[in-house]
Amino acid sequence: MIINPKKEELMAQAKTERLLDLVALFLDRRYPVPKKEIRENIPVYRGLNPETFDRVFKRDRNDLAKAGVPIKLVKLEDSVEVTPSQAAGYRGDEIGYTIDREEYFMPQLDLEPEESLALSLLGRTSPRLKDKRLATSLTTLLQKLRCQTPADLPSHSELALSPGNRPEAKTESKNLTVLLRALEGVTRLECDYHSFRNDQVSRRQVEPYGLLQRAGTWYLVGFCLIRKEIRVFRVSRISKLKLLQGGKPFKIPKDFSLASFLGRQPWDLALNPPREVTLQVDPEYHWLIIQELGQNARWSPDGGMVTVPVRTTEPFLRWVLSQCDRVKILKPESLAKDLKARLDRMAAKEAHA
Amino acid sequence: MPKSETELQRLLSLLPYLNRRKGYSIKAVAKELGIPMPTLLRDLDRLSLCGVPPYGPADLILASVDEEGKLYMDSAGQFKAPLHLTLQEALALRLAVLPLLEPKKSSYARIFRSILSKINAGLLPGDREAVDMLTRKMVAETLDRSSARILDLLRQARVDQKTVEMVYYIASSGELVRRRIDPYGFLHHAGQWYVVAYSHYAKDVHNYKASRIREIKLLSDHYEIPGRFDITQYHTGLLFEPTGQEQEVKVWFSPNVARWIVEASHNAKLQKDGSATLTLRANRFAWIARWVLKYGEEAKILTPPEAKLEVQKIINNRLNI
């Protein structure tokens, strides 16, 4: 059947208004409303035969529940709440429908003026979340909070978040929503992962432990069932992601700490034991190098020397290359030689060019 | 989620909000909501089709705009407050503001931590447990080593509207300079804080990475933020501010590293042989030279000659040559 898109839109609109009217009805009546009264009061329902009405009303109740409206079923004779399956054991006119007001209304959150202001600024910033569902949720949240916000907040904005327009952002956001579900349900997942180090795509099964954001980019930390060790995956390099429902639940090891992945430099992220590299630092740039080396570096009292734990040599050597006029490798000698050879080759190429 | 559900959620949260904005100018309401005027007017029309069945004269929602352009609302008293917050909403907010929780001691971090905990307290018990559990499974690292002290001093300067004197490291040229700035606002981008400020030196508005501020002092000179300044407009997603004197810089990356570059930048083009070419614009090249050096023999600057020279200069100045 071909449905005219305009007509489809009109139907969705009519449905939204019907659902809104249902909420208004339940909030207005202080008593559980019997089905008969509901049918008589909603024009669309009135035109339906009893079976169709039952079906449509049930679907509408489901849609309301999905939107978060807490509809309760109650036995009319003693006002005791029943589950839908219990209600099936009663005649239609023995059950009433109501909204639990305490659950329905958002409680007063008592936001301070500066908190309301910070939130309103957030709302005016271009949406950071590329995933439509997350972006919509953020919009409705801010909309709800505005009901508790004074109208006369300063219009001068002070704070903005960058939209994070990287090519990978869209895939990242899409995967994030699924990963959140996996983390919430402690569910294993299966995906393809593009390892950039060897440029290969391979199928993985992962027990997700947590999410880590670094410089605006999300990473998944989890136990890779193929590699049999804890691995860090860049979320945007994951594809064909799905949850593996129904397997045995897994446990996150007690000694696992997500926070231990923070504050580490690219050369300090692997899990093998580190080797210590000692650098001499130009005192003029000490303040800058201290920022670049992170918190695991140990400095000499005069700030002229620093020892860095290095687990992966390549990224560390690359960093030293970029700072070769400010730092020099003292130990180990083999690394100093490696660096010198690279610099000599690069200098020769530059001279040749 | 089907359209009717998101629409329902939107309208259910719009109703109590509009109830609180009775008598306000409709323009101000649209601006606060951040939606175009026609959308708001259409929403008002739709709400006016709703009410409490069987729709007695006093039970229809009346939502319209009066002759003075003010919002008129009546008979929507049932919707005195919005629908409770959902798990999905709490998570969306947490994802969006997670990077702002650093540096931990800064006042922004304190404000957003407090907001998150109040939101959490307002959730239904089951959702609260889920958020608590997920919170332990989500951490952010900003890589921003600017101290909370510098960020807070800048924020204080903005509140008091007092000029700041700072010693700032210009990465593009590698120099340390002394500058007087009037902070207008703050940007957070890729894990880093930036202050957007009027520079007394450049006589224009610029952004400065907070972690590159070495020293800072509040002066007693007062300044005004121009009424037309809007930080959300200022920021276009690119922190690069062209002066008009930039040259095109082309950098080549070998097939071994090309994928990293293409993933992170819209300005990179993958070539047939698997290599990538990145095109940037810059008028000073020290920062680019250091960045290219990080890729060792896997990258080289193609043009301009001045930028290539910068790479040579760093290599030739290597310590202990």
# chains A, B, ... in the order shown; residues from 1 in each chain; ligands from 1
>>> select_by_dssp(residues="region 143-298 of chain A", states="strand (DSSP E or B)", output="ChimeraX atom specification")
/A:159-161,188-195,200-214,217-224,229-234,238-244,275-281,298
>>> select_by_dssp(residues="region 129-289 of chain B", states="alpha helix (DSSP H)", output="JSON, numbers by chain")
{"B": [129, 130, 131, 132, 133, 134, 135, 148, 149, 150, 151, 152, 153, 154, 155, 156, 157, 158, 159, 160, 231, 232, 233, 234, 258, 259, 260, 261, 262, 263, 264, 286, 287, 288, 289]}
>>> write_last_selection(atoms="N, CA and C atoms", output="compact mmCIF listing (two decimals), in the first residue's frame")
# COMPACT_ATOMS: atom_id res chain seq x y z
N GLU B 129 19.78 4.11 39.71
CA GLU B 129 20.76 3.02 39.87
C GLU B 129 21.53 2.79 38.58
N ALA B 130 20.78 2.80 37.45
CA ALA B 130 21.43 2.57 36.15
C ALA B 130 22.46 3.65 35.87
N VAL B 131 22.11 4.93 36.15
CA VAL B 131 23.04 6.02 35.89
C VAL B 131 24.26 5.89 36.80
N ASP B 132 24.02 5.57 38.07
CA ASP B 132 25.15 5.40 39.01
C ASP B 132 26.11 4.34 38.50
N MET B 133 25.52 3.23 38.03
CA MET B 133 26.36 2.13 37.55
C MET B 133 27.15 2.56 36.31
N LEU B 134 26.46 3.25 35.37
CA LEU B 134 27.14 3.66 34.14
C LEU B 134 28.17 4.76 34.41
N THR B 135 27.90 5.59 35.41
CA THR B 135 28.84 6.66 35.74
C THR B 135 30.20 6.08 36.11
N ALA B 148 43.42 24.65 37.41
CA ALA B 148 42.12 25.19 37.79
C ALA B 148 42.29 26.66 38.18
N ARG B 149 43.47 27.00 38.74
CA ARG B 149 43.69 28.37 39.21
C ARG B 149 43.64 29.35 38.03
N ILE B 150 44.30 29.00 36.94
CA ILE B 150 44.33 29.90 35.78
C ILE B 150 42.93 30.04 35.19
N LEU B 151 42.24 28.93 35.06
CA LEU B 151 40.89 28.96 34.49
C LEU B 151 39.95 29.81 35.37
N ASP B 152 40.06 29.64 36.67
CA ASP B 152 39.18 30.38 37.57
C ASP B 152 39.51 31.87 37.62
N LEU B 153 40.81 32.19 37.52
CA LEU B 153 41.18 33.61 37.48
C LEU B 153 40.61 34.27 36.23
N LEU B 154 40.66 33.55 35.11
CA LEU B 154 40.11 34.09 33.87
C LEU B 154 38.61 34.29 34.00
N ARG B 155 37.95 33.32 34.65
CA ARG B 155 36.51 33.39 34.80
C ARG B 155 36.14 34.56 35.74
N GLN B 156 36.95 34.71 36.80
CA GLN B 156 36.75 35.82 37.73
C GLN B 156 36.91 37.15 36.98
N ALA B 157 37.93 37.21 36.13
CA ALA B 157 38.18 38.44 35.36
C ALA B 157 36.96 38.76 34.50
N ARG B 158 36.34 37.71 33.93
CA ARG B 158 35.18 37.94 33.08
C ARG B 158 34.00 38.44 33.91
N VAL B 159 33.82 37.85 35.10
CA VAL B 159 32.72 38.27 35.98
C VAL B 159 32.89 39.73 36.39
N ASP B 160 34.12 40.07 36.83
CA ASP B 160 34.40 41.44 37.28
C ASP B 160 34.66 42.39 36.11
N ILE B 231 29.24 34.11 22.05
CA ILE B 231 30.28 33.09 21.92
C ILE B 231 29.82 31.90 21.08
N THR B 232 28.52 31.61 21.09
CA THR B 232 28.06 30.46 20.30
C THR B 232 28.13 30.78 18.81
N GLN B 233 28.08 32.08 18.47
CA GLN B 233 28.22 32.49 17.08
C GLN B 233 29.70 32.56 16.71
N TYR B 234 30.48 33.00 17.68
CA TYR B 234 31.92 33.17 17.44
C TYR B 234 32.54 31.85 17.01
N ALA B 258 48.63 7.31 6.72
CA ALA B 258 47.56 8.13 6.10
C ALA B 258 46.21 7.98 6.79
N ARG B 259 45.87 6.75 7.22
CA ARG B 259 44.52 6.54 7.78
C ARG B 259 44.27 7.36 9.04
N TRP B 260 45.31 7.59 9.86
CA TRP B 260 45.14 8.41 11.07
C TRP B 260 44.78 9.85 10.69
N ILE B 261 45.40 10.33 9.63
CA ILE B 261 45.19 11.73 9.23
C ILE B 261 43.79 11.90 8.65
N VAL B 262 43.39 10.95 7.80
CA VAL B 262 42.08 11.04 7.14
C VAL B 262 40.95 10.93 8.16
N GLU B 263 41.17 10.12 9.20
CA GLU B 263 40.15 9.94 10.23
C GLU B 263 39.88 11.23 10.99
N ALA B 264 40.92 12.03 11.17
CA ALA B 264 40.80 13.16 12.08
C ALA B 264 40.55 14.49 11.38
N ALA B 286 55.99 27.01 12.87
CA ALA B 286 56.70 26.23 13.88
C ALA B 286 55.84 25.07 14.40
N TRP B 287 54.56 25.36 14.63
CA TRP B 287 53.68 24.33 15.17
C TRP B 287 53.53 23.18 14.17
N ILE B 288 53.30 23.53 12.90
CA ILE B 288 53.14 22.50 11.86
C ILE B 288 54.41 21.68 11.74
N ALA B 289 55.57 22.38 11.79
CA ALA B 289 56.85 21.67 11.66
C ALA B 289 57.00 20.62 12.76
>>> residues_around(residues="Glu81 (chain A)", least_positions_apart="4", cutoff="10 Å", atoms="only C-alpha atoms", output="number ranges by chain")
A: 72-76, 86-87, 95-98
>>> write_last_selection(atoms="N, CA and C atoms", output="compact mmCIF listing (two decimals), in the first residue's frame")
# COMPACT_ATOMS: atom_id res chain seq x y z
N LYS A 72 -0.95 3.34 35.32
CA LYS A 72 -1.15 2.20 36.22
C LYS A 72 -2.54 1.60 35.99
N LEU A 73 -2.61 0.28 36.15
CA LEU A 73 -3.89 -0.42 36.07
C LEU A 73 -4.34 -0.73 37.50
N VAL A 74 -5.62 -0.45 37.77
CA VAL A 74 -6.12 -0.55 39.14
C VAL A 74 -7.44 -1.31 39.14
N LYS A 75 -7.65 -2.19 40.15
CA LYS A 75 -8.96 -2.83 40.32
C LYS A 75 -9.91 -1.78 40.87
N LEU A 76 -11.06 -1.59 40.20
CA LEU A 76 -11.95 -0.50 40.60
C LEU A 76 -12.58 -0.74 41.97
N GLN A 86 -2.29 -9.73 35.30
CA GLN A 86 -3.35 -9.94 36.30
C GLN A 86 -4.67 -9.34 35.81
N ALA A 87 -4.56 -8.15 35.18
CA ALA A 87 -5.77 -7.46 34.72
C ALA A 87 -6.53 -8.31 33.71
N ILE A 95 -11.65 -2.83 35.66
CA ILE A 95 -10.30 -2.22 35.71
C ILE A 95 -10.37 -0.73 35.36
N GLY A 96 -9.59 0.08 36.08
CA GLY A 96 -9.49 1.50 35.77
C GLY A 96 -8.05 1.88 35.46
N TYR A 97 -7.88 3.02 34.79
CA TYR A 97 -6.54 3.46 34.39
C TYR A 97 -6.23 4.81 35.02
N THR A 98 -4.99 4.96 35.47
CA THR A 98 -4.63 6.22 36.12
C THR A 98 -3.14 6.50 35.94
>>> residues_around(residues="Arg113 (chain B)", least_positions_apart="6", cutoff="10 Å", atoms="only C-alpha atoms", output="list in words")
Glu115 of chain A; Arg94, Val97, Leu98, Leu100, Leu101, Lys104, Ser107 and Ile119 of chain B
>>> residues_around(residues="Leu288 (chain A)", least_positions_apart="5", cutoff="12 Å", atoms="only C-alpha atoms", output="list in words")
Val281, Asp282, Pro283, Leu293, Gly294, Gly303, Gln323, Arg326 and Val327 of chain A; Arg145, Ser146, Tyr168, Tyr169, Ile170, Ala171, Gly174, Glu175, Leu176, Ser211, Arg212, Ile213 and Arg214 of chain B
>>> closest_residue(among="A:Arg197, A:Arg227, A:Asn296, A:Arg342", to="Arg318 (chain A)", atoms="only C-alpha atoms")
A:Arg342
>>> atom_distance(atom1="CA of Tyr201 (chain B)", atom2="CA of Gln291 (chain A)")
26.6 Å
>>> residues_around(residues="region 66-72 of chain B", least_positions_apart="3", cutoff="7 Å", atoms="only C-alpha atoms", output="VMD selection string")
chain B and resid 22 to 26 63
>>> atom_distance(atom1="CA of Phe112 (chain B)", atom2="CA of Leu119 (chain A)")
8.6 Å
>>> closest_residue(among="A:Thr139, A:Thr83, A:Thr278, A:Thr52", to="chain B", atoms="only C-alpha atoms")
A:Thr139
>>> atom_distance(atom1="CA of Leu141 (chain A)", atom2="CA of Ala96 (chain B)")
12.1 Å
>>> residues_around(residues="region 217-226 of chain A", least_positions_apart="6", cutoff="7 Å", atoms="only C-alpha atoms", output="tab-separated table (two decimals) with C-alpha atoms, in the first residue's frame")
chain	number	residue	atom	x	y	z
A	204	ARG	CA	35.92	-9.39	17.77
A	205	GLN	CA	33.92	-10.46	20.76
A	206	VAL	CA	34.37	-8.12	23.69
A	207	GLU	CA	33.28	-7.96	27.32
A	208	PRO	CA	32.80	-4.19	27.72
A	209	TYR	CA	34.32	-2.73	30.92
A	210	GLY	CA	33.98	1.00	30.36
A	211	LEU	CA	34.19	4.09	28.15
A	232	VAL	CA	41.41	-0.31	24.23
A	233	PHE	CA	39.27	0.22	21.11
A	234	ARG	CA	38.66	3.55	19.41
A	235	VAL	CA	34.84	3.70	19.24
>>> closest_residue(among="B:Val139, B:Ile61, B:Ala202, B:Leu18", to="chain A", atoms="only C-alpha atoms")
B:Val139
>>> closest_residue(among="B:Leu41, B:Ile315, B:Leu219, B:Ala307", to="chain A", atoms="only C-alpha atoms")
B:Ile315
>>> closest_residue(among="B:Leu95, B:Leu11, B:Lys294, B:Val257", to="Ala135 (chain A)", atoms="only C-alpha atoms")
B:Leu95
>>> closest_residue(among="B:Trp193, B:Tyr295, B:Tyr208, B:Phe253", to="chain A", atoms="only C-alpha atoms")
B:Tyr295
